[in-house]
$ cat input_19.csv   # CSV, C-alpha atoms and all ligand atoms
chain,number,residue,atom,x,y,z
A,1,MET,CA,9.3,5.9,-28.0
A,2,GLN,CA,5.9,5.3,-29.6
A,3,ASN,CA,7.1,2.2,-31.4
A,4,LYS,CA,8.3,0.6,-28.3
A,5,VAL,CA,6.3,-2.2,-26.9
A,6,ASN,CA,4.7,-1.9,-23.5
A,7,LEU,CA,5.7,-5.1,-21.6
A,8,LEU,CA,3.5,-4.3,-18.6
A,9,GLY,CA,0.6,-6.2,-20.2
A,10,PHE,CA,2.6,-9.2,-21.3
A,11,SER,CA,1.7,-12.6,-19.6
A,12,GLN,CA,4.6,-15.0,-18.9
A,13,LYS,CA,3.9,-16.8,-22.2
A,14,SER,CA,4.0,-13.6,-24.2
A,15,LEU,CA,7.2,-12.5,-22.5
A,16,GLU,CA,8.8,-15.9,-23.3
A,17,ALA,CA,8.1,-15.3,-27.0
A,18,PHE,CA,9.3,-11.7,-26.7
A,19,PHE,CA,12.6,-12.8,-25.1
A,20,LYS,CA,13.0,-15.6,-27.6
A,21,ASP,CA,12.9,-13.0,-30.4
A,22,LEU,CA,15.7,-11.2,-28.6
A,23,GLY,CA,17.7,-14.4,-28.5
A,24,GLN,CA,17.3,-14.7,-24.8
A,25,SER,CA,16.4,-17.6,-22.6
A,26,SER,CA,12.7,-18.0,-21.5
A,27,TYR,CA,13.9,-17.7,-17.9
A,28,ARG,CA,14.1,-14.0,-18.5
A,29,ALA,CA,10.3,-13.8,-18.7
A,30,LYS,CA,10.0,-15.1,-15.1
A,31,GLN,CA,12.6,-12.6,-14.0
A,32,LEU,CA,10.8,-9.7,-15.6
A,33,ILE,CA,7.4,-10.7,-14.3
A,34,LYS,CA,8.8,-10.8,-10.8
A,35,TRP,CA,10.4,-7.4,-11.1
A,36,VAL,CA,7.3,-5.7,-12.5
A,37,HIS,CA,4.4,-7.4,-10.8
A,38,GLN,CA,5.9,-8.8,-7.5
A,39,LYS,CA,8.2,-5.9,-6.7
A,40,GLY,CA,6.6,-3.1,-8.6
A,41,GLU,CA,9.8,-2.1,-10.5
A,42,LEU,CA,9.4,-0.3,-13.8
A,43,GLU,CA,13.0,0.7,-14.5
A,44,PHE,CA,15.0,-1.7,-16.6
A,45,ASP,CA,18.2,-0.2,-15.1
A,46,CYS,CA,17.2,-1.4,-11.7
A,47,MET,CA,16.7,-5.0,-12.8
A,48,THR,CA,20.0,-6.2,-11.4
A,49,ASP,CA,19.9,-9.7,-12.7
A,50,PHE,CA,19.8,-8.5,-16.3
A,51,ASN,CA,23.3,-7.7,-17.7
A,52,LYS,CA,24.0,-4.2,-19.0
A,53,GLU,CA,23.7,-5.3,-22.6
A,54,LEU,CA,20.2,-6.7,-22.1
A,55,ARG,CA,19.1,-3.7,-20.1
A,56,GLU,CA,20.2,-1.4,-22.9
A,57,LYS,CA,18.4,-3.6,-25.5
A,58,LEU,CA,15.2,-3.6,-23.4
A,59,LYS,CA,15.3,0.2,-23.1
A,60,GLU,CA,15.8,0.4,-26.9
A,61,VAL,CA,12.7,-1.7,-27.8
A,62,ALA,CA,10.4,-1.7,-24.8
A,63,ILE,CA,8.7,0.3,-22.1
A,64,LEU,CA,6.9,-0.5,-18.8
A,65,GLU,CA,4.2,2.1,-18.5
A,66,PRO,CA,1.0,2.0,-16.4
A,67,PRO,CA,-1.8,4.4,-17.2
A,68,LYS,CA,-1.8,7.7,-15.4
A,69,VAL,CA,-3.8,8.5,-12.3
A,70,LEU,CA,-5.3,11.9,-12.7
A,71,LYS,CA,-7.3,12.1,-9.5
A,72,THR,CA,-8.5,10.1,-6.5
A,73,LEU,CA,-11.5,10.5,-4.2
A,74,THR,CA,-11.8,8.7,-0.9
A,75,SER,CA,-15.1,8.4,1.0
A,76,ASN,CA,-15.2,8.3,4.8
A,77,GLU,CA,-15.7,4.6,4.9
A,78,GLY,CA,-12.5,4.1,3.0
A,79,THR,CA,-13.7,3.4,-0.6
A,80,LYS,CA,-11.4,5.0,-3.0
A,81,LYS,CA,-12.1,5.9,-6.6
A,82,TYR,CA,-9.4,6.6,-9.1
A,83,LEU,CA,-9.7,8.6,-12.3
A,84,ILE,CA,-7.2,7.1,-14.8
A,85,GLU,CA,-6.1,8.4,-18.2
A,86,LEU,CA,-5.5,5.9,-21.0
A,87,LYS,CA,-2.9,6.3,-23.8
A,88,SER,CA,-5.5,7.8,-26.1
A,89,GLY,CA,-6.4,10.5,-23.6
A,90,SER,CA,-9.8,8.9,-22.7
A,91,SER,CA,-10.4,8.2,-19.1
A,92,ILE,CA,-11.7,5.3,-17.0
A,93,GLU,CA,-12.4,4.8,-13.3
A,94,MET,CA,-11.5,2.0,-10.9
A,95,VAL,CA,-12.5,1.6,-7.3
A,96,ARG,CA,-10.7,0.1,-4.2
A,97,ILE,CA,-13.1,-1.3,-1.7
A,98,PRO,CA,-11.9,-2.3,1.8
A,99,GLU,CA,-13.9,-5.1,3.3
A,100,LYS,CA,-13.4,-7.1,6.5
A,101,ASN,CA,-10.8,-9.6,5.4
A,102,ARG,CA,-10.1,-8.4,1.9
A,103,MET,CA,-9.3,-5.5,-0.3
A,104,THR,CA,-11.3,-5.7,-3.5
A,105,LEU,CA,-10.3,-3.7,-6.7
A,106,CYS,CA,-13.1,-3.1,-9.1
A,107,ILE,CA,-11.5,-2.5,-12.5
A,108,SER,CA,-12.6,-1.4,-16.0
A,109,SER,CA,-12.2,-3.3,-19.2
A,110,GLN,CA,-13.6,-0.7,-21.6
A,111,ALA,CA,-14.0,3.1,-21.7
A,112,GLY,CA,-17.7,3.4,-21.9
A,113,CYS,CA,-19.9,0.6,-23.0
A,114,ALA,CA,-22.0,-0.1,-26.1
A,115,LEU,CA,-24.7,-2.2,-24.4
A,116,GLN,CA,-26.9,0.6,-23.1
A,117,CYS,CA,-28.5,-1.1,-20.1
A,118,THR,CA,-31.1,1.5,-19.0
A,119,PHE,CA,-29.9,1.6,-15.3
A,120,CYS,CA,-26.2,2.1,-16.0
A,121,ALA,CA,-24.3,5.4,-16.1
A,122,THR,CA,-21.5,3.8,-18.2
A,123,GLY,CA,-24.0,2.5,-20.7
A,124,ALA,CA,-25.7,6.0,-21.0
A,125,GLN,CA,-22.3,7.3,-21.9
A,126,GLY,CA,-21.8,5.1,-25.0
A,127,PHE,CA,-18.8,3.1,-26.1
A,128,ASP,CA,-15.4,4.8,-26.4
A,129,GLN,CA,-12.7,2.1,-26.6
A,130,ASN,CA,-11.4,-1.2,-25.5
A,131,LEU,CA,-8.6,-1.2,-23.0
A,132,THR,CA,-5.3,-2.9,-23.9
A,133,ALA,CA,-3.9,-5.6,-21.5
A,134,ASP,CA,-1.4,-3.1,-20.1
A,135,GLU,CA,-4.2,-0.7,-19.3
A,136,ILE,CA,-6.2,-3.5,-17.5
A,137,ILE,CA,-3.3,-5.0,-15.5
A,138,GLY,CA,-2.0,-1.5,-15.1
A,139,GLN,CA,-5.0,-0.8,-12.8
A,140,VAL,CA,-3.9,-3.7,-10.5
A,141,TRP,CA,-0.3,-2.5,-10.7
A,142,ILE,CA,-1.3,1.1,-9.7
A,143,ALA,CA,-3.4,-0.1,-6.7
A,144,ASN,CA,-0.6,-2.3,-5.4
A,145,TYR,CA,2.6,-0.3,-6.2
A,146,LEU,CA,1.8,3.3,-6.9
A,147,ASP,CA,-0.5,3.4,-3.9
A,148,ARG,CA,2.0,1.8,-1.5
A,149,ASP,CA,0.4,3.3,1.6
A,150,GLU,CA,-2.7,1.1,1.0
A,151,PRO,CA,-2.9,-2.6,1.7
A,152,PRO,CA,-2.4,-4.9,-1.3
A,153,ILE,CA,-5.3,-6.1,-3.4
A,154,THR,CA,-6.7,-9.5,-2.6
A,155,ASN,CA,-9.6,-9.7,-5.0
A,156,VAL,CA,-10.3,-8.3,-8.4
A,157,VAL,CA,-13.7,-7.8,-10.0
A,158,PHE,CA,-14.4,-6.8,-13.6
A,159,MET,CA,-17.3,-4.7,-12.5
A,160,GLY,CA,-16.1,-1.2,-13.4
A,161,MET,CA,-16.7,0.3,-16.8
A,162,GLY,CA,-17.4,-1.8,-19.8
A,163,GLU,CA,-18.4,-5.4,-20.8
A,164,PRO,CA,-15.3,-7.6,-20.2
A,165,LEU,CA,-16.4,-10.3,-22.6
A,166,LEU,CA,-16.5,-7.9,-25.5
A,167,ASN,CA,-12.8,-7.2,-24.9
A,168,PHE,CA,-11.9,-10.9,-24.5
A,169,ASP,CA,-8.2,-11.4,-25.3
A,170,PRO,CA,-6.8,-8.4,-23.3
A,171,VAL,CA,-9.0,-9.5,-20.3
A,172,ILE,CA,-7.6,-13.0,-20.5
A,173,GLU,CA,-4.0,-11.8,-20.8
A,174,SER,CA,-4.4,-9.6,-17.8
A,175,ILE,CA,-6.0,-12.5,-15.8
A,176,GLU,CA,-3.0,-14.7,-16.6
A,177,ILE,CA,-0.8,-12.1,-14.9
A,178,MET,CA,-3.1,-11.7,-11.9
A,179,ARG,CA,-3.0,-15.4,-11.4
A,180,ASN,CA,0.7,-16.0,-12.0
A,181,GLN,CA,2.5,-17.0,-8.8
A,182,LEU,CA,5.4,-14.8,-9.8
A,183,ALA,CA,3.1,-11.9,-10.0
A,184,TYR,CA,-0.1,-11.2,-8.0
A,185,SER,CA,-0.9,-14.9,-7.3
A,186,LEU,CA,-4.6,-14.4,-7.1
A,187,SER,CA,-6.6,-17.7,-7.0
A,188,LYS,CA,-9.5,-18.3,-9.4
A,189,LYS,CA,-12.0,-17.6,-6.7
A,190,ARG,CA,-10.6,-14.2,-6.1
A,191,ILE,CA,-11.1,-12.9,-9.7
A,192,THR,CA,-14.6,-12.3,-10.9
A,193,ILE,CA,-15.8,-11.5,-14.4
A,194,SER,CA,-19.1,-9.9,-14.5
A,195,THR,CA,-21.1,-10.0,-17.7
A,196,SER,CA,-24.4,-8.8,-19.0
A,197,GLY,CA,-24.6,-12.1,-20.8
A,198,ILE,CA,-22.7,-12.4,-24.1
A,199,VAL,CA,-23.5,-16.1,-24.6
A,200,PRO,CA,-20.9,-17.2,-27.2
A,201,GLN,CA,-18.2,-15.5,-25.2
A,202,ILE,CA,-19.3,-17.2,-21.9
A,203,ASN,CA,-18.9,-20.5,-23.8
A,204,ARG,CA,-15.5,-19.4,-25.0
A,205,LEU,CA,-14.6,-18.4,-21.5
A,206,ALA,CA,-15.6,-21.8,-20.2
A,207,ASP,CA,-12.9,-23.3,-22.5
A,208,THR,CA,-10.3,-20.7,-21.6
A,209,THR,CA,-10.3,-20.1,-17.8
A,210,ASP,CA,-12.0,-20.9,-14.6
A,211,VAL,CA,-12.3,-17.7,-12.7
A,212,SER,CA,-15.5,-16.8,-10.9
A,213,LEU,CA,-18.4,-15.7,-13.1
A,214,ALA,CA,-21.1,-13.2,-12.3
A,215,ILE,CA,-24.2,-12.7,-14.5
A,216,SER,CA,-26.0,-9.4,-14.5
A,217,LEU,CA,-29.5,-10.9,-14.9
A,218,HIS,CA,-31.7,-8.2,-13.3
A,219,ALA,CA,-34.9,-9.7,-14.7
A,220,ALA,CA,-36.4,-13.2,-14.9
A,221,ASP,CA,-38.5,-12.7,-18.0
A,222,ASN,CA,-37.5,-11.8,-21.5
A,223,GLN,CA,-40.0,-9.0,-21.9
A,224,LEU,CA,-38.6,-7.0,-19.0
A,225,ARG,CA,-35.0,-8.0,-19.6
A,226,ASP,CA,-35.2,-6.9,-23.3
A,227,ILE,CA,-35.9,-3.4,-22.0
A,228,ILE,CA,-33.4,-3.0,-19.2
A,229,VAL,CA,-30.6,-5.2,-20.6
A,230,PRO,CA,-31.1,-4.8,-24.3
A,231,ILE,CA,-28.4,-7.4,-25.3
A,232,ASN,CA,-31.1,-9.8,-24.1
A,233,LYS,CA,-32.8,-9.4,-27.4
A,234,LYS,CA,-29.8,-11.1,-29.0
A,235,TYR,CA,-29.1,-13.6,-26.2
A,236,PRO,CA,-32.4,-14.4,-24.3
A,237,ILE,CA,-32.5,-15.8,-20.8
A,238,SER,CA,-32.8,-19.5,-21.7
A,239,ASP,CA,-29.6,-19.3,-23.8
A,240,LEU,CA,-27.9,-17.4,-21.1
A,241,LEU,CA,-28.7,-19.9,-18.4
A,242,SER,CA,-27.6,-22.7,-20.7
A,243,SER,CA,-24.2,-21.0,-21.1
A,244,CYS,CA,-24.0,-20.7,-17.3
A,245,LYS,CA,-24.6,-24.4,-16.9
A,246,ASN,CA,-21.9,-25.1,-19.6
A,247,TYR,CA,-19.5,-22.8,-17.7
A,248,LEU,CA,-20.1,-24.7,-14.4
A,249,SER,CA,-19.8,-28.1,-16.1
A,250,LYS,CA,-16.2,-27.2,-17.2
A,251,GLN,CA,-15.2,-26.3,-13.6
A,252,THR,CA,-13.4,-28.5,-11.1
A,253,GLY,CA,-14.5,-28.4,-7.4
A,254,LYS,CA,-17.7,-27.0,-6.2
A,255,ARG,CA,-18.4,-23.7,-7.9
A,256,ASN,CA,-21.3,-21.3,-8.0
A,257,ILE,CA,-22.3,-18.6,-10.5
A,258,THR,CA,-23.2,-15.3,-8.9
A,259,ILE,CA,-26.5,-13.9,-10.2
A,260,GLU,CA,-26.6,-10.1,-9.9
A,261,TYR,CA,-29.9,-8.5,-9.6
A,262,ILE,CA,-30.5,-4.8,-9.3
A,263,LEU,CA,-33.5,-3.7,-7.5
A,264,ILE,CA,-35.2,-0.8,-9.2
A,265,ASP,CA,-38.3,0.7,-7.7
A,266,GLY,CA,-41.5,-0.4,-9.4
A,267,ILE,CA,-39.7,-2.1,-12.3
A,268,ASN,CA,-38.3,-5.5,-11.1
A,269,ASP,CA,-38.6,-5.5,-7.3
A,270,SER,CA,-41.9,-7.1,-6.4
A,271,VAL,CA,-42.3,-10.5,-4.6
A,272,LYS,CA,-43.8,-11.7,-7.9
A,273,HIS,CA,-40.5,-10.9,-9.6
A,274,ALA,CA,-38.7,-12.7,-6.9
A,275,ALA,CA,-40.9,-15.8,-7.5
A,276,SER,CA,-40.1,-15.8,-11.2
A,277,LEU,CA,-36.4,-15.4,-10.4
A,278,SER,CA,-36.5,-18.3,-8.0
A,279,LYS,CA,-38.2,-20.5,-10.6
A,280,ILE,CA,-35.8,-19.9,-13.5
A,281,LEU,CA,-32.7,-20.4,-11.3
A,282,SER,CA,-34.0,-23.7,-9.7
A,283,ASN,CA,-31.5,-26.0,-11.5
A,284,ILE,CA,-28.5,-23.7,-11.5
A,285,SER,CA,-25.8,-23.8,-8.8
A,286,CYS,CA,-25.8,-20.1,-7.9
A,287,LYS,CA,-25.9,-17.5,-5.2
A,288,ILE,CA,-27.8,-14.3,-5.7
A,289,ASN,CA,-26.4,-10.8,-5.1
A,290,LEU,CA,-29.1,-8.1,-4.8
A,291,ILE,CA,-27.9,-4.6,-5.6
A,292,PRO,CA,-30.2,-1.7,-4.7
A,293,PHE,CA,-30.1,0.6,-7.8
A,294,ASN,CA,-27.6,3.4,-7.4
A,295,PRO,CA,-29.0,6.6,-8.9
A,296,PHE,CA,-27.1,8.8,-11.2
A,297,ASN,CA,-27.7,12.1,-13.0
A,298,GLY,CA,-30.0,11.7,-16.0
A,299,SER,CA,-31.7,8.5,-14.9
A,300,ASP,CA,-35.4,8.4,-13.9
A,301,TYR,CA,-35.1,5.1,-12.0
A,302,LYS,CA,-35.3,5.0,-8.2
A,303,ARG,CA,-33.7,2.7,-5.7
A,304,SER,CA,-36.3,0.2,-4.3
A,305,THR,CA,-37.7,0.9,-0.9
A,306,ASN,CA,-36.1,-1.0,2.0
A,307,ARG,CA,-39.4,-2.7,2.5
A,308,ASN,CA,-39.3,-4.1,-1.0
A,309,ILE,CA,-35.6,-4.9,-0.8
A,310,TYR,CA,-36.0,-7.0,2.3
A,311,ALA,CA,-39.2,-8.7,1.1
A,312,PHE,CA,-37.4,-9.7,-2.1
A,313,LYS,CA,-34.4,-11.0,-0.2
A,314,ASP,CA,-36.5,-12.9,2.4
A,315,TYR,CA,-38.5,-14.6,-0.4
A,316,LEU,CA,-35.3,-15.9,-2.0
A,317,ILE,CA,-33.8,-17.0,1.3
A,318,LYS,CA,-37.0,-18.9,2.1
A,319,LYS,CA,-36.7,-20.6,-1.3
A,320,GLY,CA,-33.2,-21.8,-0.2
A,321,TYR,CA,-31.0,-19.4,-2.2
A,322,ILE,CA,-27.9,-18.0,-0.7
A,323,THR,CA,-28.8,-14.3,-1.1
A,324,THR,CA,-26.7,-11.4,-0.2
A,325,LEU,CA,-27.5,-7.7,-0.3
A,326,ARG,CA,-24.7,-5.6,-1.7
A,327,ILE,CA,-24.3,-2.8,0.8
A,328,THR,CA,-23.7,0.2,-1.3
A,329,ARG,CA,-20.1,1.3,-0.9
A,330,GLY,CA,-18.7,4.5,-2.3
A,331,ASP,CA,-21.9,6.2,-3.4
A,332,ALA,CA,-20.8,9.5,-1.8
A,333,ILE,CA,-18.0,9.5,-4.4
A,334,ASP,CA,-20.2,8.0,-7.2
A,335,GLY,CA,-17.9,5.0,-7.0
A,336,ALA,CA,-20.7,2.5,-6.5
A,337,CYS,CA,-21.8,0.0,-9.2
A,338,GLY,CA,-23.0,1.6,-12.4
A,339,GLN,CA,-22.0,5.1,-11.4
A,340,LEU,CA,-18.6,5.0,-13.2
A,341,VAL,CA,-18.3,7.3,-16.2
A,342,GLY,CA,-14.6,8.2,-16.3
A,343,ASN,CA,-15.2,11.7,-15.2
A,344,LEU,CA,-14.9,12.8,-11.6
A,345,LYS,CA,-16.4,16.2,-12.5
A,346,ASN,CA,-20.0,15.1,-11.9
A,347,THR,CA,-19.3,13.6,-8.6
A,348,VAL,CA,-21.4,15.0,-5.8
A,349,LYS,CA,-18.9,16.1,-3.2
A,350,GLY,CA,-20.4,15.7,0.2
A,351,LYS,CA,-19.3,15.2,3.7
A,352,GLY,CA,-16.5,12.7,4.2
A,353,VAL,CA,-15.1,12.9,0.7
A,354,ILE,CA,-11.4,13.6,0.4
A,355,GLU,CA,-10.1,14.7,-2.9
A,356,HIS,CA,-6.6,14.4,-4.3
A,357,THR,CA,-5.6,15.6,-7.7
A,358,SER,CA,-2.8,13.0,-8.2
A,359,ILE,CA,-1.0,10.4,-6.3
A,360,HIS,CA,2.7,9.6,-6.3
B,401,LIG,N1,-20.7,-5.0,-18.1
B,401,LIG,C1,-20.6,-5.9,-17.0
B,401,LIG,C2,-19.7,-5.4,-15.9
B,401,LIG,C3,-19.8,-4.0,-15.5
B,401,LIG,S1,-21.2,-3.5,-14.7
B,401,LIG,C4,-22.0,-6.2,-16.5
B,401,LIG,O1,-22.9,-5.6,-16.9
B,401,LIG,O2,-22.0,-7.2,-15.7
B,401,LIG,C5,-21.0,-4.2,-13.1
B,401,LIG,C6,-22.3,-4.4,-12.3
B,401,LIG,O3,-22.9,-3.1,-11.9
B,401,LIG,C7,-23.3,-5.1,-13.0
B,401,LIG,O4,-24.0,-6.1,-12.2
B,401,LIG,C8,-24.3,-4.0,-13.4
B,401,LIG,O5,-25.5,-4.5,-13.7
B,401,LIG,C9,-24.2,-3.2,-12.1
B,401,LIG,N2,-24.8,-1.8,-12.3
B,401,LIG,C10,-24.8,-1.1,-13.4
B,401,LIG,N3,-25.4,0.1,-13.2
B,401,LIG,C11,-25.9,0.1,-11.9
B,401,LIG,C12,-26.6,1.0,-11.0
B,401,LIG,N4,-27.0,2.2,-11.5
B,401,LIG,N5,-26.9,0.6,-9.8
B,401,LIG,C13,-26.4,-0.6,-9.3
B,401,LIG,N6,-25.8,-1.5,-10.0
B,401,LIG,C14,-25.5,-1.2,-11.3
B,402,LIG,FE1,-22.4,-2.1,-20.1
B,402,LIG,FE2,-22.5,-3.6,-17.8
B,402,LIG,FE3,-23.4,-1.0,-17.9
B,402,LIG,FE4,-24.8,-2.8,-19.2
B,402,LIG,S1,-24.4,-2.7,-16.9
B,402,LIG,S2,-24.2,-0.8,-20.0
B,402,LIG,S3,-23.2,-4.2,-19.9
B,402,LIG,S4,-21.3,-1.7,-18.2
$ encode --input "input_19.csv" --output "structure tokens"
Amino acid sequence: MQNKVNLLGFSQKSLEAFFKDLGQSSYRAKQLIKWVHQKGELEFDCMTDFNKELREKLKEVAILEPPKVLKTLTSNEGTKKYLIELKSGSSIEMVRIPEKNRMTLCISSQAGCALQCTFCATGAQGFDQNLTADEIIGQVWIANYLDRDEPPITNVVFMGMGEPLLNFDPVIESIEIMRNQLAYSLSKKRITISTSGIVPQINRLADTTDVSLAISLHAADNQLRDIIVPINKKYPISDLLSSCKNYLSKQTGKRNITIEYILIDGINDSVKHAASLSKILSNISCKINLIPFNPFNGSDYKRSTNRNIYAFKDYLIKKGYITTLRITRGDAIDGACGQLVGNLKNTVKGKGVIEHTSIH
């Protein structure tokens, strides 16, 4: 069993190679993708367009196995957090966020994170492991097919645990499956990679794919960013913004980068900070997403006051930036940005939180 290959995380191209090795036509890859990712089927025996001999062979050498859901928590506005166990026994979290015309899934690419941004619960936890492609696409599979009572996923954001660009190949393999028309058929605009700014990998990404890119900037000067996003010491702001321009230059159609900016009380949230931000972004095609800091146990930071949040936002709007304020969703279940630690034990259970120990 352990030596069997898990085909859940194989893109069409990888499946074609796999079937070729079995002496089968490449058409089998399309059939398998459809069964697994369009119909949600995991039993080879149910794949009726494979003959008995092929089904037996597949059972002998392969498995189709998503990670395991240990627990879910639903807040009263509908945000649902899932605690998921990986093969190794480590756990991660993902969050389903219902919005007006879409259903966004916030997925994890790593268990923990090595980058230690000072405002992030995942960073405080340290790095545990990279997820494999089946563990990444498995999250999308679970949200669509294990949780069949819920509406299907329309958007995927890599804003859960981990730094997606430090787990490059599995992230790309899973994106290929998300985009495949025989699978989830998500357009490039409906998949967003969020990164703290791994410059060489942003450049590599530009040559590999054209999904939406979000940059976790959070500060407009190196002195402050060095502290709150320590990877900045390696890849300072000017290099980061050049890599953003490079990314945009490789795109077709009118595209924007999303600049994410957390507002932390007394740290980066004055109008002076907004002015520096406006200045450095002046020649980049972008929109700005402001995220009031979400508190977590062990952090001394505080969420900015509403007065500061709106003053910051208004300044940027006056300067002509499309600026949105991310309304915090899921904080009652610690499912908001930066609160994901792969452990539902620390969650503050309050009013309107429904807990399930497993879903079937
Ligand atoms: N590692 C990637 C993606 C995961 S973090 C990155 O840093 O972009 C996803 C988003 O949540 C990032 O914009 C991150 O800065 C933000 N975030 C992290 N901790 C947060 C917190 N405590 N409050 C609000 N947003 C937070
Ligand atoms: Fe890692 Fe992103 Fe958290 Fe920074 S904000 S520690 S890069 S997950």
$ closest_residue --input "input_19.csv" --among "A:Asn6, A:Asn180, A:Thr209, A:Ser242" --to "Gly138 of chain A" --atoms "all atoms listed in the file"
A:Asn6
$ residues_near_ligand --input "input_19.csv" --ligand "ligand LIG 402 (chain B)" --cutoff "6 Å" --atoms "only C-alpha atoms and all ligand atoms" --output "ChimeraX atom specification"
/A:113,115-117,120,122-123,161-163,196
$ residues_near_point --input "input_19.csv" --point "(-31.2, -8.6, -10.9)" --cutoff "6 Å" --atoms "all atoms listed in the file" --output "list in words"
Leu217, His218, Ala219, Glu260, Tyr261 and Ile262 of chain A
$ residues_near_ligand --input "input_19.csv" --ligand "ligand LIG 401 (chain B)" --cutoff "7 Å" --atoms "all atoms listed in the file" --output "PDB file with C-alpha atoms, keeping the file's coordinate frame"
ATOM      1  CA  PHE A 119     -29.900   1.600 -15.300  1.00  0.00           C
ATOM      2  CA  CYS A 120     -26.200   2.100 -16.000  1.00  0.00           C
ATOM      3  CA  ALA A 121     -24.300   5.400 -16.100  1.00  0.00           C
ATOM      4  CA  PHE A 158     -14.400  -6.800 -13.600  1.00  0.00           C
ATOM      5  CA  MET A 159     -17.300  -4.700 -12.500  1.00  0.00           C
ATOM      6  CA  GLY A 160     -16.100  -1.200 -13.400  1.00  0.00           C
ATOM      7  CA  MET A 161     -16.700   0.300 -16.800  1.00  0.00           C
ATOM      8  CA  GLY A 162     -17.400  -1.800 -19.800  1.00  0.00           C
ATOM      9  CA  GLU A 163     -18.400  -5.400 -20.800  1.00  0.00           C
ATOM     10  CA  PRO A 164     -15.300  -7.600 -20.200  1.00  0.00           C
ATOM     11  CA  SER A 194     -19.100  -9.900 -14.500  1.00  0.00           C
ATOM     12  CA  THR A 195     -21.100 -10.000 -17.700  1.00  0.00           C
ATOM     13  CA  SER A 196     -24.400  -8.800 -19.000  1.00  0.00           C
ATOM     14  CA  ALA A 214     -21.100 -13.200 -12.300  1.00  0.00           C
ATOM     15  CA  ILE A 215     -24.200 -12.700 -14.500  1.00  0.00           C
ATOM     16  CA  SER A 216     -26.000  -9.400 -14.500  1.00  0.00           C
ATOM     17  CA  GLU A 260     -26.600 -10.100  -9.900  1.00  0.00           C
ATOM     18  CA  TYR A 261     -29.900  -8.500  -9.600  1.00  0.00           C
ATOM     19  CA  ILE A 262     -30.500  -4.800  -9.300  1.00  0.00           C
ATOM     20  CA  ILE A 291     -27.900  -4.600  -5.600  1.00  0.00           C
ATOM     21  CA  PRO A 292     -30.200  -1.700  -4.700  1.00  0.00           C
ATOM     22  CA  PHE A 293     -30.100   0.600  -7.800  1.00  0.00           C
ATOM     23  CA  ASN A 294     -27.600   3.400  -7.400  1.00  0.00           C
ATOM     24  CA  PRO A 295     -29.000   6.600  -8.900  1.00  0.00           C
ATOM     25  CA  PHE A 296     -27.100   8.800 -11.200  1.00  0.00           C
ATOM     26  CA  CYS A 337     -21.800   0.000  -9.200  1.00  0.00           C
ATOM     27  CA  GLY A 338     -23.000   1.600 -12.400  1.00  0.00           C
ATOM     28  CA  GLN A 339     -22.000   5.100 -11.400  1.00  0.00           C
TER      29      GLN A 339
END
$ atom_distance --input "input_19.csv" --atom1 "atom CA of Arg204 of chain A" --atom2 "atom CA of Ser11 of chain A"
19.3 Å
$ atom_distance --input "input_19.csv" --atom1 "atom CA of Leu263 of chain A" --atom2 "atom CA of Ile198 of chain A"
21.6 Å
$ atom_distance --input "input_19.csv" --atom1 "atom CA of Tyr321 of chain A" --atom2 "atom CA of Ser278 of chain A"
8.1 Å
$ residues_near_point --input "input_19.csv" --point "(5.1, -3.3, -8.7)" --cutoff "10 Å" --atoms "all atoms listed in the file" --output "list in words"
Ile33, Lys34, Trp35, Val36, His37, Gln38, Lys39, Gly40, Glu41, Leu42, Gly138, Val140, Trp141, Ile142, Ala143, Asn144, Tyr145, Leu146, Asp147, Arg148, Ala183 and Tyr184 of chain A
$ residues_around --input "input_19.csv" --residues "Leu316 of chain A" --least-positions-apart "3" --cutoff "9 Å" --atoms "only C-alpha atoms" --output "ChimeraX atom specification"
/A:274-275,277-278,288,311-313,319-323
$ residues_around --input "input_19.csv" --residues "Leu83 of chain A" --least-positions-apart "2" --cutoff "6 Å" --atoms "only C-alpha atoms" --output "list of chain:residue names"
A:Val69, A:Leu70, A:Lys71, A:Glu93
$ build_atoms --input "input_19.csv" --residues "segment 307-313 of chain A" --atoms "N, CA and C atoms" --output "compact mmCIF listing (two decimals), in the coordinates of the input"
# COMPACT_ATOMS: atom_id res chain seq x y z
N ARG A 307 -38.35 -1.71 2.33
CA ARG A 307 -39.40 -2.70 2.50
C ARG A 307 -39.39 -3.73 1.38
N ASN A 308 -39.35 -3.22 0.15
CA ASN A 308 -39.30 -4.10 -1.00
C ASN A 308 -38.02 -4.92 -1.09
N ILE A 309 -36.92 -4.24 -0.77
CA ILE A 309 -35.60 -4.90 -0.80
C ILE A 309 -35.62 -6.13 0.10
N TYR A 310 -36.08 -5.91 1.35
CA TYR A 310 -36.00 -7.00 2.30
C TYR A 310 -37.07 -8.09 2.01
N ALA A 311 -38.23 -7.68 1.47
CA ALA A 311 -39.20 -8.70 1.10
C ALA A 311 -38.69 -9.58 -0.02
N PHE A 312 -37.99 -8.96 -0.98
CA PHE A 312 -37.40 -9.70 -2.10
C PHE A 312 -36.35 -10.68 -1.60
N LYS A 313 -35.51 -10.15 -0.74
CA LYS A 313 -34.40 -11.00 -0.20
C LYS A 313 -34.98 -12.14 0.63
